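Quick look at data_25.tsv (TSV, N, CA and C atoms):
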```
chain	number	residue	atom	x	y	z
A	1	MET	N	-0.23	-5.34	-33.02
A	1	MET	CA	-1.19	-4.96	-32.00
A	1	MET	C	-0.73	-3.68	-31.31
A	2	ASN	N	-1.67	-2.83	-31.01
A	2	ASN	CA	-1.38	-1.58	-30.33
A	2	ASN	C	-1.52	-1.77	-28.83
A	3	ASN	N	-0.41	-1.63	-28.10
A	3	ASN	CA	-0.43	-1.81	-26.64
A	3	ASN	C	-1.10	-0.64	-25.93
A	4	LYS	N	-1.47	0.40	-26.66
A	4	LYS	CA	-2.07	1.57	-26.05
A	4	LYS	C	-3.59	1.49	-26.01
A	5	LEU	N	-4.16	0.35	-26.34
A	5	LEU	CA	-5.60	0.19	-26.30
A	5	LEU	C	-6.09	0.20	-24.87
A	6	ASN	N	-7.24	0.84	-24.64
A	6	ASN	CA	-7.83	0.76	-23.32
A	6	ASN	C	-8.54	-0.59	-23.21
A	7	PHE	N	-9.08	-0.87	-22.03
A	7	PHE	CA	-9.67	-2.19	-21.80
A	7	PHE	C	-10.78	-2.50	-22.78
A	8	GLU	N	-11.68	-1.55	-22.97
A	8	GLU	CA	-12.83	-1.78	-23.85
A	8	GLU	C	-12.40	-2.03	-25.29
A	9	GLU	N	-11.41	-1.27	-25.76
A	9	GLU	CA	-10.91	-1.46	-27.12
A	9	GLU	C	-10.22	-2.81	-27.28
A	10	ALA	N	-9.43	-3.18	-26.29
A	10	ALA	CA	-8.73	-4.47	-26.34
A	10	ALA	C	-9.73	-5.63	-26.31
A	11	LEU	N	-10.75	-5.52	-25.47
A	11	LEU	CA	-11.76	-6.56	-25.39
A	11	LEU	C	-12.54	-6.67	-26.69
A	12	SER	N	-12.85	-5.54	-27.28
A	12	SER	CA	-13.57	-5.53	-28.56
A	12	SER	C	-12.73	-6.20	-29.65
A	13	ARG	N	-11.44	-5.88	-29.69
A	13	ARG	CA	-10.55	-6.50	-30.69
A	13	ARG	C	-10.45	-7.99	-30.43
A	14	LEU	N	-10.38	-8.39	-29.18
A	14	LEU	CA	-10.32	-9.81	-28.84
A	14	LEU	C	-11.57	-10.53	-29.31
A	15	GLU	N	-12.73	-9.90	-29.14
A	15	GLU	CA	-13.98	-10.50	-29.61
A	15	GLU	C	-13.98	-10.65	-31.13
A	16	GLU	N	-13.43	-9.66	-31.85
A	16	GLU	CA	-13.32	-9.74	-33.31
A	16	GLU	C	-12.46	-10.93	-33.71
A	17	ILE	N	-11.36	-11.11	-33.00
A	17	ILE	CA	-10.44	-12.21	-33.31
A	17	ILE	C	-11.14	-13.55	-33.10
A	18	VAL	N	-11.85	-13.69	-31.99
A	18	VAL	CA	-12.55	-14.94	-31.70
A	18	VAL	C	-13.56	-15.25	-32.81
A	19	LYS	N	-14.34	-14.25	-33.19
A	19	LYS	CA	-15.33	-14.45	-34.25
A	19	LYS	C	-14.66	-14.87	-35.55
A	20	LYS	N	-13.55	-14.22	-35.86
A	20	LYS	CA	-12.84	-14.53	-37.11
A	20	LYS	C	-12.30	-15.97	-37.07
A	21	LEU	N	-11.74	-16.35	-35.95
A	21	LEU	CA	-11.21	-17.72	-35.83
A	21	LEU	C	-12.34	-18.75	-35.88
A	22	GLU	N	-13.45	-18.43	-35.23
A	22	GLU	CA	-14.59	-19.36	-35.22
A	22	GLU	C	-15.23	-19.50	-36.59
A	23	SER	N	-15.10	-18.48	-37.43
A	23	SER	CA	-15.72	-18.52	-38.75
A	23	SER	C	-15.08	-19.59	-39.65
A	24	GLY	N	-13.81	-19.86	-39.40
A	24	GLY	CA	-13.12	-20.85	-40.21
A	24	GLY	C	-12.73	-20.34	-41.59
A	25	ASN	N	-12.89	-19.05	-41.82
A	25	ASN	CA	-12.60	-18.47	-43.13
A	25	ASN	C	-11.26	-17.77	-43.18
A	26	VAL	N	-10.29	-18.27	-42.44
A	26	VAL	CA	-8.96	-17.69	-42.45
A	26	VAL	C	-7.94	-18.79	-42.70
A	27	SER	N	-6.85	-18.40	-43.32
A	27	SER	CA	-5.78	-19.37	-43.60
A	27	SER	C	-5.10	-19.78	-42.30
A	28	LEU	N	-4.34	-20.84	-42.36
A	28	LEU	CA	-3.61	-21.32	-41.19
A	28	LEU	C	-2.64	-20.25	-40.69
A	29	ASP	N	-1.91	-19.64	-41.62
A	29	ASP	CA	-0.95	-18.61	-41.23
A	29	ASP	C	-1.63	-17.42	-40.56
A	30	GLU	N	-2.76	-16.98	-41.13
A	30	GLU	CA	-3.48	-15.86	-40.53
A	30	GLU	C	-4.07	-16.27	-39.18
A	31	SER	N	-4.54	-17.50	-39.09
A	31	SER	CA	-5.08	-17.99	-37.82
A	31	SER	C	-4.03	-17.93	-36.72
A	32	ILE	N	-2.84	-18.37	-37.04
A	32	ILE	CA	-1.75	-18.36	-36.06
A	32	ILE	C	-1.42	-16.93	-35.67
A	33	GLU	N	-1.36	-16.04	-36.66
A	33	GLU	CA	-1.02	-14.64	-36.40
A	33	GLU	C	-2.05	-13.97	-35.50
A	34	ILE	N	-3.33	-14.13	-35.82
A	34	ILE	CA	-4.34	-13.46	-35.00
A	34	ILE	C	-4.54	-14.17	-33.66
A	35	TYR	N	-4.25	-15.47	-33.61
A	35	TYR	CA	-4.29	-16.18	-32.33
A	35	TYR	C	-3.25	-15.58	-31.38
A	36	GLN	N	-2.05	-15.35	-31.91
A	36	GLN	CA	-0.98	-14.75	-31.10
A	36	GLN	C	-1.39	-13.36	-30.61
A	37	GLU	N	-2.03	-12.59	-31.50
A	37	GLU	CA	-2.51	-11.27	-31.10
A	37	GLU	C	-3.55	-11.42	-29.99
A	38	GLY	N	-4.43	-12.40	-30.14
A	38	GLY	CA	-5.46	-12.63	-29.14
A	38	GLY	C	-4.89	-12.99	-27.79
A	39	VAL	N	-3.88	-13.81	-27.77
A	39	VAL	CA	-3.23	-14.19	-26.50
A	39	VAL	C	-2.64	-12.95	-25.83
A	40	ALA	N	-1.98	-12.11	-26.62
A	40	ALA	CA	-1.39	-10.89	-26.06
A	40	ALA	C	-2.48	-9.96	-25.53
A	41	LEU	N	-3.58	-9.84	-26.27
A	41	LEU	CA	-4.69	-9.01	-25.82
A	41	LEU	C	-5.31	-9.55	-24.53
A	42	ALA	N	-5.47	-10.87	-24.45
A	42	ALA	CA	-6.04	-11.48	-23.25
A	42	ALA	C	-5.16	-11.21	-22.04
A	43	LYS	N	-3.85	-11.32	-22.21
A	43	LYS	CA	-2.93	-11.04	-21.12
A	43	LYS	C	-3.02	-9.58	-20.70
A	44	ASN	N	-3.11	-8.70	-21.70
A	44	ASN	CA	-3.21	-7.27	-21.43
A	44	ASN	C	-4.50	-6.95	-20.67
A	45	CYS	N	-5.60	-7.54	-21.12
A	45	CYS	CA	-6.89	-7.33	-20.44
A	45	CYS	C	-6.83	-7.84	-19.00
A	46	SER	N	-6.23	-8.99	-18.82
A	46	SER	CA	-6.11	-9.56	-17.48
A	46	SER	C	-5.29	-8.64	-16.57
A	47	SER	N	-4.21	-8.10	-17.10
A	47	SER	CA	-3.37	-7.19	-16.31
A	47	SER	C	-4.15	-5.93	-15.93
A	48	MET	N	-4.92	-5.40	-16.89
A	48	MET	CA	-5.70	-4.20	-16.60
A	48	MET	C	-6.77	-4.48	-15.55
A	49	LEU	N	-7.39	-5.66	-15.61
A	49	LEU	CA	-8.39	-6.03	-14.61
A	49	LEU	C	-7.76	-6.19	-13.22
A	50	GLU	N	-6.60	-6.79	-13.17
A	50	GLU	CA	-5.90	-6.95	-11.88
A	50	GLU	C	-5.54	-5.60	-11.29
A	51	GLU	N	-5.10	-4.68	-12.15
A	51	GLU	CA	-4.76	-3.33	-11.68
A	51	GLU	C	-6.01	-2.62	-11.15
A	52	ALA	N	-7.11	-2.74	-11.88
A	52	ALA	CA	-8.36	-2.11	-11.44
A	52	ALA	C	-8.84	-2.71	-10.13
A	53	GLU	N	-8.72	-4.03	-10.00
A	53	GLU	CA	-9.12	-4.70	-8.76
A	53	GLU	C	-8.29	-4.19	-7.58
A	54	GLY	N	-7.00	-4.02	-7.81
A	54	GLY	CA	-6.13	-3.50	-6.76
A	54	GLY	C	-6.54	-2.11	-6.32
A	55	LYS	N	-6.91	-1.26	-7.29
A	55	LYS	CA	-7.35	0.09	-6.96
A	55	LYS	C	-8.65	0.06	-6.16
A	56	VAL	N	-9.57	-0.78	-6.57
A	56	VAL	CA	-10.85	-0.89	-5.86
A	56	VAL	C	-10.62	-1.39	-4.44
A	57	LEU	N	-9.79	-2.41	-4.28
A	57	LEU	CA	-9.51	-2.94	-2.94
A	57	LEU	C	-8.85	-1.88	-2.06
A	58	ALA	N	-7.97	-1.07	-2.64
A	58	ALA	CA	-7.33	-0.01	-1.86
A	58	ALA	C	-8.36	1.00	-1.38
A	59	ILE	N	-9.30	1.35	-2.25
A	59	ILE	CA	-10.36	2.29	-1.87
A	59	ILE	C	-11.23	1.70	-0.77
A	60	VAL	N	-11.63	0.45	-0.93
A	60	VAL	CA	-12.48	-0.21	0.06
A	60	VAL	C	-11.76	-0.29	1.40
A	61	ASN	N	-10.51	-0.68	1.38
A	61	ASN	CA	-9.74	-0.78	2.63
A	61	ASN	C	-9.62	0.58	3.31
A	62	LYS	N	-9.37	1.62	2.52
A	62	LYS	CA	-9.26	2.96	3.10
A	62	LYS	C	-10.58	3.38	3.73
A	63	GLU	N	-11.68	3.11	3.03
A	63	GLU	CA	-13.00	3.46	3.57
A	63	GLU	C	-13.30	2.67	4.83
A	64	GLN	N	-12.92	1.40	4.88
A	64	GLN	CA	-13.14	0.60	6.08
A	64	GLN	C	-12.35	1.16	7.25
A	65	ASP	N	-11.13	1.61	6.98
A	65	ASP	CA	-10.31	2.20	8.03
A	65	ASP	C	-10.97	3.47	8.57
A	66	ILE	N	-11.52	4.28	7.68
A	66	ILE	CA	-12.18	5.52	8.10
A	66	ILE	C	-13.40	5.20	8.95
A	67	VAL	N	-14.19	4.22	8.54
A	67	VAL	CA	-15.38	3.82	9.29
A	67	VAL	C	-14.97	3.28	10.66
A	68	GLU	N	-13.95	2.45	10.71
A	68	GLU	CA	-13.48	1.90	11.99
A	68	GLU	C	-13.01	3.00	12.92
A	69	GLU	N	-12.27	3.97	12.37
A	69	GLU	CA	-11.79	5.09	13.19
A	69	GLU	C	-12.98	5.88	13.73
A	70	PHE	N	-13.97	6.10	12.90
A	70	PHE	CA	-15.16	6.83	13.33
A	70	PHE	C	-15.88	6.08	14.45
A	71	LEU	N	-16.06	4.77	14.27
A	71	LEU	CA	-16.76	3.98	15.27
A	71	LEU	C	-16.00	3.96	16.60
A	72	VAL	N	-14.69	3.83	16.54
A	72	VAL	CA	-13.88	3.83	17.76
A	72	VAL	C	-13.99	5.18	18.46
A	73	SER	N	-14.02	6.25	17.70
A	73	SER	CA	-14.11	7.58	18.30
A	73	SER	C	-15.46	7.85	18.94
A	74	GLN	N	-16.47	7.06	18.57
A	74	GLN	CA	-17.80	7.23	19.13
A	74	GLN	C	-18.01	6.49	20.44
A	75	ILE	N	-17.04	5.66	20.80
A	75	ILE	CA	-17.15	4.86	22.01
A	75	ILE	C	-16.77	5.66	23.22
```

Represent the supplied structure as structure tokens.
Amino acid sequence: MNNKLNFEEALSRLEEIVKKLESGNVSLDESIEIYQEGVALAKNCSSMLEEAEGKVLAIVNKEQDIVEEFLVSQI
């Protein structure tokens, strides 16, 4: 697995893995191998989402601080 995948690429690969596993047309060894890849991809996607959420929350908090400062200055 390539750890340099962006979120969309990782999610797309994860979807491919799920479809392949659901098809039932893979050997046990291949199933285990791609399952492991899927777990790693899911963890990677989760980490990227948590990082994005943190960035969004930081932006929202900063904007709230600016709005509060503006409102206080208007009093």

- prompt: Separation of atom CA of Phe7 of chain A and atom C of Leu57 of chain A, in Å?
  reply: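 The value is 19.8 Å.
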
query: Mind pulling up the distance from atom CA of Glu9 of chain A to atom N of Gly54 of chain A?
result: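 We find that atom N of Gly54 of chain A and atom CA of Glu9 of chain A lie 19.9 Å from each other.
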
- prompt: In Å, how far is it from atom N of Gln36 of chain A to atom CA of Ala52 of chain A?
  reply: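 Atom-to-atom, atom N of Gln36 of chain A and atom CA of Ala52 of chain A are spaced 25.2 Å apart.
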
message: I need the residues of chain A that end up classed as alpha helix (DSSP H) by DSSP on the backbone, written out as an MDAnalysis selection string.
response: chainID A and resid 7:23 28:73

message: What's around Gly38 of chain A at 8 Å? Count only N, CA and C atoms, leave out sequence neighbours fewer than 2 positions away in its own chain, and write the answer as a list in words.
response: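 Final neighbour list, sorted by chain and number: Arg13, Leu14, Glu15, Ile17, Val18, Ile32, Glu33, Ile34, Tyr35, Gln36, Ala40, Leu41, Ala42, Lys43 and Asn44 of chain A.
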
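Among the candidate residues A:Val60, A:Cys45, A:Leu21, A:Val26, the one lying nearest to Lys4 of chain A is A:Cys45, with distances computed using only C-alpha atoms.
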
Please enclose the listed atoms of segment 12-21 of chain A in an axis-aligned box, pad each side by 6 Å, and write out the centre and the three edge lengths in Å, rounded to one decimal, as AutoDock Vina command-line options.
```
--center_x -12.8 --center_y -12.1 --center_z -32.2 --size_x 17.0 --size_y 25.2 --size_z 21.8
```
